[in-house]
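Coordinates from run.pdb are shown below (PDB, C-alpha atoms).
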```
ATOM      1  CA  PHE A  26     -34.685 -18.404  59.847  1.00  0.00           C
ATOM      2  CA  THR A  27     -35.907 -21.791  58.691  1.00  0.00           C
ATOM      3  CA  GLU A  28     -39.550 -22.809  59.000  1.00  0.00           C
ATOM      4  CA  ASN A  29     -38.656 -24.485  62.328  1.00  0.00           C
ATOM      5  CA  GLY A  30     -37.041 -21.370  63.825  1.00  0.00           C
ATOM      6  CA  PHE A  31     -33.396 -22.307  63.274  1.00  0.00           C
ATOM      7  CA  PHE A  32     -30.797 -19.928  61.858  1.00  0.00           C
ATOM      8  CA  THR A  33     -29.999 -20.567  58.205  1.00  0.00           C
ATOM      9  CA  ASN A  34     -26.293 -19.788  58.748  1.00  0.00           C
ATOM     10  CA  GLU A  35     -24.515 -23.143  59.115  1.00  0.00           C
ATOM     11  CA  ASP A  36     -22.330 -21.852  61.981  1.00  0.00           C
ATOM     12  CA  TYR A  37     -25.430 -20.945  64.021  1.00  0.00           C
ATOM     13  CA  ARG A  38     -27.837 -23.651  62.877  1.00  0.00           C
ATOM     14  CA  LEU A  39     -28.263 -25.020  66.430  1.00  0.00           C
ATOM     15  CA  VAL A  40     -28.616 -21.643  68.142  1.00  0.00           C
ATOM     16  CA  PRO A  41     -30.926 -21.027  69.995  1.00  0.00           C
ATOM     17  CA  ASN A  42     -32.361 -24.522  69.465  1.00  0.00           C
ATOM     18  CA  LEU A  43     -29.575 -26.284  71.329  1.00  0.00           C
ATOM     19  CA  LEU A  44     -29.443 -30.025  71.673  1.00  0.00           C
ATOM     20  CA  ASN A  45     -28.928 -31.589  75.099  1.00  0.00           C
ATOM     21  CA  GLN A  46     -25.848 -33.410  73.918  1.00  0.00           C
ATOM     22  CA  ARG A  47     -23.999 -33.536  70.657  1.00  0.00           C
ATOM     23  CA  ASP A  48     -22.469 -36.665  69.231  1.00  0.00           C
ATOM     24  CA  ILE A  49     -18.798 -36.116  68.598  1.00  0.00           C
ATOM     25  CA  LYS A  50     -16.863 -38.694  66.601  1.00  0.00           C
ATOM     26  CA  LEU A  51     -13.768 -39.666  68.557  1.00  0.00           C
ATOM     27  CA  PRO A  52     -10.888 -41.508  66.878  1.00  0.00           C
ATOM     28  CA  ASP A  53      -9.994 -45.031  67.964  1.00  0.00           C
ATOM     29  CA  ILE A  54      -6.746 -45.522  69.847  1.00  0.00           C
ATOM     30  CA  LYS A  55      -4.517 -47.767  67.759  1.00  0.00           C
ATOM     31  CA  ASP A  56      -1.113 -49.322  68.159  1.00  0.00           C
ATOM     32  CA  GLU A  57       1.750 -48.844  65.686  1.00  0.00           C
ATOM     33  CA  ASN A  58       0.349 -51.655  63.479  1.00  0.00           C
ATOM     34  CA  GLY A  59      -3.076 -50.013  63.236  1.00  0.00           C
ATOM     35  CA  THR A  60      -4.794 -52.490  65.532  1.00  0.00           C
ATOM     36  CA  VAL A  61      -7.601 -50.857  67.516  1.00  0.00           C
ATOM     37  CA  LEU A  62      -6.713 -50.927  71.205  1.00  0.00           C
ATOM     38  CA  LEU A  63      -9.670 -48.875  72.410  1.00  0.00           C
ATOM     39  CA  SER A  64     -12.749 -47.728  70.564  1.00  0.00           C
ATOM     40  CA  LEU A  65     -13.784 -44.470  72.213  1.00  0.00           C
ATOM     41  CA  GLU A  66     -17.115 -44.453  70.365  1.00  0.00           C
ATOM     42  CA  ASP A  67     -18.269 -47.373  72.502  1.00  0.00           C
ATOM     43  CA  SER A  68     -16.886 -46.260  75.854  1.00  0.00           C
ATOM     44  CA  ILE A  69     -17.434 -42.492  76.061  1.00  0.00           C
ATOM     45  CA  PRO A  70     -20.913 -40.949  76.072  1.00  0.00           C
ATOM     46  CA  PRO A  71     -21.637 -37.853  73.989  1.00  0.00           C
ATOM     47  CA  VAL A  72     -19.934 -34.718  75.258  1.00  0.00           C
ATOM     48  CA  PRO A  73     -22.134 -32.569  77.553  1.00  0.00           C
ATOM     49  CA  LEU A  74     -23.583 -29.459  75.930  1.00  0.00           C
ATOM     50  CA  GLU A  75     -21.312 -27.009  77.755  1.00  0.00           C
ATOM     51  CA  PHE A  76     -18.272 -28.663  76.179  1.00  0.00           C
ATOM     52  CA  ALA A  77     -19.802 -29.414  72.781  1.00  0.00           C
ATOM     53  CA  LEU A  78     -20.346 -25.879  71.452  1.00  0.00           C
ATOM     54  CA  ASP A  79     -17.668 -24.210  69.430  1.00  0.00           C
ATOM     55  CA  ARG A  80     -16.605 -20.606  70.033  1.00  0.00           C
ATOM     56  CA  LYS A  81     -18.999 -18.989  67.547  1.00  0.00           C
ATOM     57  CA  GLU A  82     -22.011 -20.917  68.853  1.00  0.00           C
ATOM     58  CA  THR A  83     -21.083 -20.094  72.435  1.00  0.00           C
ATOM     59  CA  ALA A  84     -20.761 -16.379  71.644  1.00  0.00           C
ATOM     60  CA  MET A  85     -24.102 -16.293  69.823  1.00  0.00           C
ATOM     61  CA  THR A  86     -25.821 -18.185  72.660  1.00  0.00           C
ATOM     62  CA  ASN A  87     -24.337 -15.710  75.155  1.00  0.00           C
ATOM     63  CA  ILE A  88     -25.619 -12.740  73.124  1.00  0.00           C
ATOM     64  CA  LEU A  89     -29.127 -14.215  72.805  1.00  0.00           C
ATOM     65  CA  CYS A  90     -29.369 -15.162  76.476  1.00  0.00           C
ATOM     66  CA  ARG A  91     -28.204 -11.721  77.601  1.00  0.00           C
ATOM     67  CA  TRP A  92     -30.792 -10.109  75.320  1.00  0.00           C
ATOM     68  CA  VAL A  93     -33.589 -12.328  76.688  1.00  0.00           C
ATOM     69  CA  VAL A  94     -32.672 -11.573  80.299  1.00  0.00           C
ATOM     70  CA  ASP A  95     -32.388  -7.841  79.586  1.00  0.00           C
ATOM     71  CA  TYR A  96     -35.698  -7.758  77.690  1.00  0.00           C
ATOM     72  CA  ALA A  97     -37.572  -9.639  80.421  1.00  0.00           C
ATOM     73  CA  TRP A  98     -35.740  -8.163  83.448  1.00  0.00           C
ATOM     74  CA  GLU A  99     -38.802  -6.320  84.779  1.00  0.00           C
ATOM     75  CA  GLY A 100     -41.255  -8.972  83.563  1.00  0.00           C
ATOM     76  CA  LEU A 101     -43.423  -9.655  80.549  1.00  0.00           C
ATOM     77  CA  GLN A 102     -47.051  -8.906  79.826  1.00  0.00           C
ATOM     78  CA  GLY A 103     -49.341 -10.698  77.417  1.00  0.00           C
ATOM     79  CA  LEU A 104     -51.439  -8.961  74.789  1.00  0.00           C
ATOM     80  CA  ASP A 105     -54.257  -8.801  77.344  1.00  0.00           C
ATOM     81  CA  GLY A 106     -52.050  -6.744  79.697  1.00  0.00           C
ATOM     82  CA  GLU A 107     -51.770  -9.539  82.253  1.00  0.00           C
ATOM     83  CA  THR A 108     -48.325 -10.333  83.657  1.00  0.00           C
ATOM     84  CA  THR A 109     -47.147 -13.605  82.126  1.00  0.00           C
ATOM     85  CA  PHE A 110     -43.661 -13.625  83.715  1.00  0.00           C
ATOM     86  CA  ALA A 111     -42.698 -11.661  86.820  1.00  0.00           C
ATOM     87  CA  GLY A 112     -39.193 -11.060  85.475  1.00  0.00           C
ATOM     88  CA  PHE A 113     -35.616 -12.117  85.996  1.00  0.00           C
ATOM     89  CA  LYS A 114     -35.166  -9.313  88.541  1.00  0.00           C
ATOM     90  CA  ASP A 115     -37.349 -11.274  90.975  1.00  0.00           C
ATOM     91  CA  ILE A 116     -35.086 -14.295  90.460  1.00  0.00           C
ATOM     92  CA  PHE A 117     -31.681 -12.624  90.644  1.00  0.00           C
ATOM     93  CA  GLU A 118     -32.500  -9.736  92.991  1.00  0.00           C
ATOM     94  CA  PRO A 119     -35.272 -11.058  95.226  1.00  0.00           C
ATOM     95  CA  THR A 120     -36.781  -8.608  97.644  1.00  0.00           C
ATOM     96  CA  ASP A 121     -37.037  -9.357 101.321  1.00  0.00           C
ATOM     97  CA  THR A 122     -40.089 -11.574 101.633  1.00  0.00           C
ATOM     98  CA  THR A 123     -40.241 -11.370 105.420  1.00  0.00           C
ATOM     99  CA  THR A 124     -43.689 -10.100 106.202  1.00  0.00           C
ATOM    100  CA  THR A 125     -46.222 -10.414 108.951  1.00  0.00           C
ATOM    101  CA  GLU A 126     -49.105 -10.198 106.470  1.00  0.00           C
ATOM    102  CA  CYS A 127     -50.991 -13.418 105.962  1.00  0.00           C
ATOM    103  CA  PHE A 128     -53.665 -14.374 103.457  1.00  0.00           C
ATOM    104  CA  SER A 129     -56.767 -16.547 103.323  1.00  0.00           C
ATOM    105  CA  CYS A 130     -59.415 -17.074 100.686  1.00  0.00           C
ATOM    106  CA  GLU A 131     -62.106 -15.891 103.100  1.00  0.00           C
ATOM    107  CA  ASP A 132     -60.682 -12.761 104.762  1.00  0.00           C
ATOM    108  CA  ASN A 133     -57.634 -11.455 102.873  1.00  0.00           C
ATOM    109  CA  ASN A 134     -57.864 -12.908  99.361  1.00  0.00           C
ATOM    110  CA  PRO A 135     -54.674 -12.165  97.346  1.00  0.00           C
ATOM    111  CA  CYS A 136     -55.934 -13.679  94.104  1.00  0.00           C
ATOM    112  CA  SER A 137     -58.426 -11.336  92.476  1.00  0.00           C
ATOM    113  CA  PRO A 138     -56.576  -9.224  91.582  1.00  0.00           C
ATOM    114  CA  LEU A 139     -53.189 -10.685  92.505  1.00  0.00           C
ATOM    115  CA  ALA A 140     -51.722  -8.900  95.522  1.00  0.00           C
ATOM    116  CA  VAL A 141     -48.324  -9.055  93.783  1.00  0.00           C
ATOM    117  CA  PRO A 142     -48.403  -9.271  89.952  1.00  0.00           C
ATOM    118  CA  GLY A 143     -47.030 -12.613  88.775  1.00  0.00           C
ATOM    119  CA  LYS A 144     -47.036 -14.133  92.282  1.00  0.00           C
ATOM    120  CA  TYR A 145     -49.376 -17.082  92.802  1.00  0.00           C
ATOM    121  CA  TYR A 146     -48.374 -18.381  96.268  1.00  0.00           C
ATOM    122  CA  TYR A 147     -48.858 -16.522  99.575  1.00  0.00           C
ATOM    123  CA  ALA A 148     -48.347 -17.258 103.270  1.00  0.00           C
ATOM    124  CA  GLY A 149     -51.503 -18.473 104.949  1.00  0.00           C
ATOM    125  CA  CYS A 150     -52.829 -17.216 108.290  1.00  0.00           C
ATOM    126  CA  LYS A 151     -52.975 -20.670 109.850  1.00  0.00           C
ATOM    127  CA  ASN A 152     -49.860 -22.620 110.841  1.00  0.00           C
ATOM    128  CA  LYS A 153     -48.479 -24.738 107.962  1.00  0.00           C
ATOM    129  CA  ASN A 154     -50.984 -23.326 105.454  1.00  0.00           C
ATOM    130  CA  TYR A 155     -50.579 -21.275 102.302  1.00  0.00           C
ATOM    131  CA  VAL A 156     -52.773 -19.765  99.601  1.00  0.00           C
ATOM    132  CA  GLN A 157     -52.425 -20.666  95.928  1.00  0.00           C
ATOM    133  CA  CYS A 158     -53.988 -18.484  93.229  1.00  0.00           C
ATOM    134  CA  SER A 159     -54.946 -19.579  89.731  1.00  0.00           C
ATOM    135  CA  SER A 160     -54.311 -17.463  86.657  1.00  0.00           C
ATOM    136  CA  HIS A 161     -58.105 -16.858  86.603  1.00  0.00           C
ATOM    137  CA  GLY A 162     -58.238 -15.284  90.078  1.00  0.00           C
ATOM    138  CA  GLN A 163     -59.415 -18.384  91.919  1.00  0.00           C
ATOM    139  CA  CYS A 164     -58.187 -18.823  95.510  1.00  0.00           C
ATOM    140  CA  PHE A 165     -57.220 -22.175  97.056  1.00  0.00           C
ATOM    141  CA  GLY A 166     -56.274 -22.673 100.707  1.00  0.00           C
ATOM    142  CA  LYS A 167     -53.603 -25.384 100.918  1.00  0.00           C
ATOM    143  CA  ARG A 168     -51.784 -27.266 103.666  1.00  0.00           C
ATOM    144  CA  CYS A 169     -47.981 -27.397 103.537  1.00  0.00           C
ATOM    145  CA  SER A 170     -46.358 -30.775 102.990  1.00  0.00           C
ATOM    146  CA  SER A 171     -44.835 -32.380 106.059  1.00  0.00           C
ATOM    147  CA  GLY A 172     -41.268 -31.280 106.628  1.00  0.00           C
ATOM    148  CA  THR A 173     -41.722 -27.844 105.041  1.00  0.00           C
TER     149      THR A 173
END
```
What does this structure look like when you write it as structure tokens?
Amino acid sequence: FTENGFFTNEDYRLVPNLLNQRDIKLPDIKDENGTVLLSLEDSIPPVPLEFALDRKETAMTNILCRWVVDYAWEGLQGLDGETTFAGFKDIFEPTDTTTTECFSCEDNNPCSPLAVPGKYYYAGCKNKNYVQCSSHGQCFGKRCSSGT
């Protein structure tokens, strides 16, 4: 790896540090005399990322992303043992969140410790209210925005 975290191999130099778009030089469209009829450089924006990667870069990105998801499937913990990421399992296989349990900072505080590791928002006991926890165990009663 370079000092900035890029691969030293030229084929993988942008993996995993992918750019949002990559400039691709497109040839001008010319007539049989060589006169430029259309300059594509001026009329077409850079190709979106999903079309800009070549096969090797795409394969390497796929391998790295699959490893990251697998490694963090059940969640990640910091050196202090605290959950820093609840895991991809919660994203891709959410559990049924239907519950009759409600929370408040006064009576049923979910924040210290967290009632569910990695979860910082809970249903409040009052209509259109919720509870937000800080990463330091603080509890905040909040009102839902209108329309939610």
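The gap separating CA of Gly112 in chain A from CA of Lys167 in chain A is 25.5 Å, in Å to one decimal.
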Inset, instruction - Please measure the separation of CA of Ala111 in chain A and CA of Gly143 in chain A, giving the value in Å to one decimal. - result: 4.8 Å
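The residues caught by the PyMOL selection byres ((chain A and resi 155) around 7) in this file are Tyr147, Ala148, Gly149, Lys153, Asn154, Val156, Gln157, Gly166, Lys167, Arg168 and Cys169 of chain A.
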Legend entry - Matched chain/residue IDs from the PyMOL selection byres ((chain A and resi 142) around 12), as number ranges by chain: A: 99-102, 106-112, 115, 135-141, 143-146, 158, 160, 162
Please dump the current selection as a compact mmCIF listing (two decimals), in the frame of the given file; keep C-alpha atoms.
```
# COMPACT_ATOMS: atom_id res chain seq x y z
CA GLU A 99 -38.80 -6.32 84.78
CA GLY A 100 -41.26 -8.97 83.56
CA LEU A 101 -43.42 -9.65 80.55
CA GLN A 102 -47.05 -8.91 79.83
CA GLY A 106 -52.05 -6.74 79.70
CA GLU A 107 -51.77 -9.54 82.25
CA THR A 108 -48.32 -10.33 83.66
CA THR A 109 -47.15 -13.60 82.13
CA PHE A 110 -43.66 -13.62 83.72
CA ALA A 111 -42.70 -11.66 86.82
CA GLY A 112 -39.19 -11.06 85.48
CA ASP A 115 -37.35 -11.27 90.98
CA PRO A 135 -54.67 -12.16 97.35
CA CYS A 136 -55.93 -13.68 94.10
CA SER A 137 -58.43 -11.34 92.48
CA PRO A 138 -56.58 -9.22 91.58
CA LEU A 139 -53.19 -10.68 92.50
CA ALA A 140 -51.72 -8.90 95.52
CA VAL A 141 -48.32 -9.06 93.78
CA GLY A 143 -47.03 -12.61 88.78
CA LYS A 144 -47.04 -14.13 92.28
CA TYR A 145 -49.38 -17.08 92.80
CA TYR A 146 -48.37 -18.38 96.27
CA CYS A 158 -53.99 -18.48 93.23
CA SER A 160 -54.31 -17.46 86.66
CA GLY A 162 -58.24 -15.28 90.08
```
Legend entry - Å distance separating CA of Val94 in chain A from CA of His161 in chain A, one decimal place: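 It comes out at 26.7 Å.
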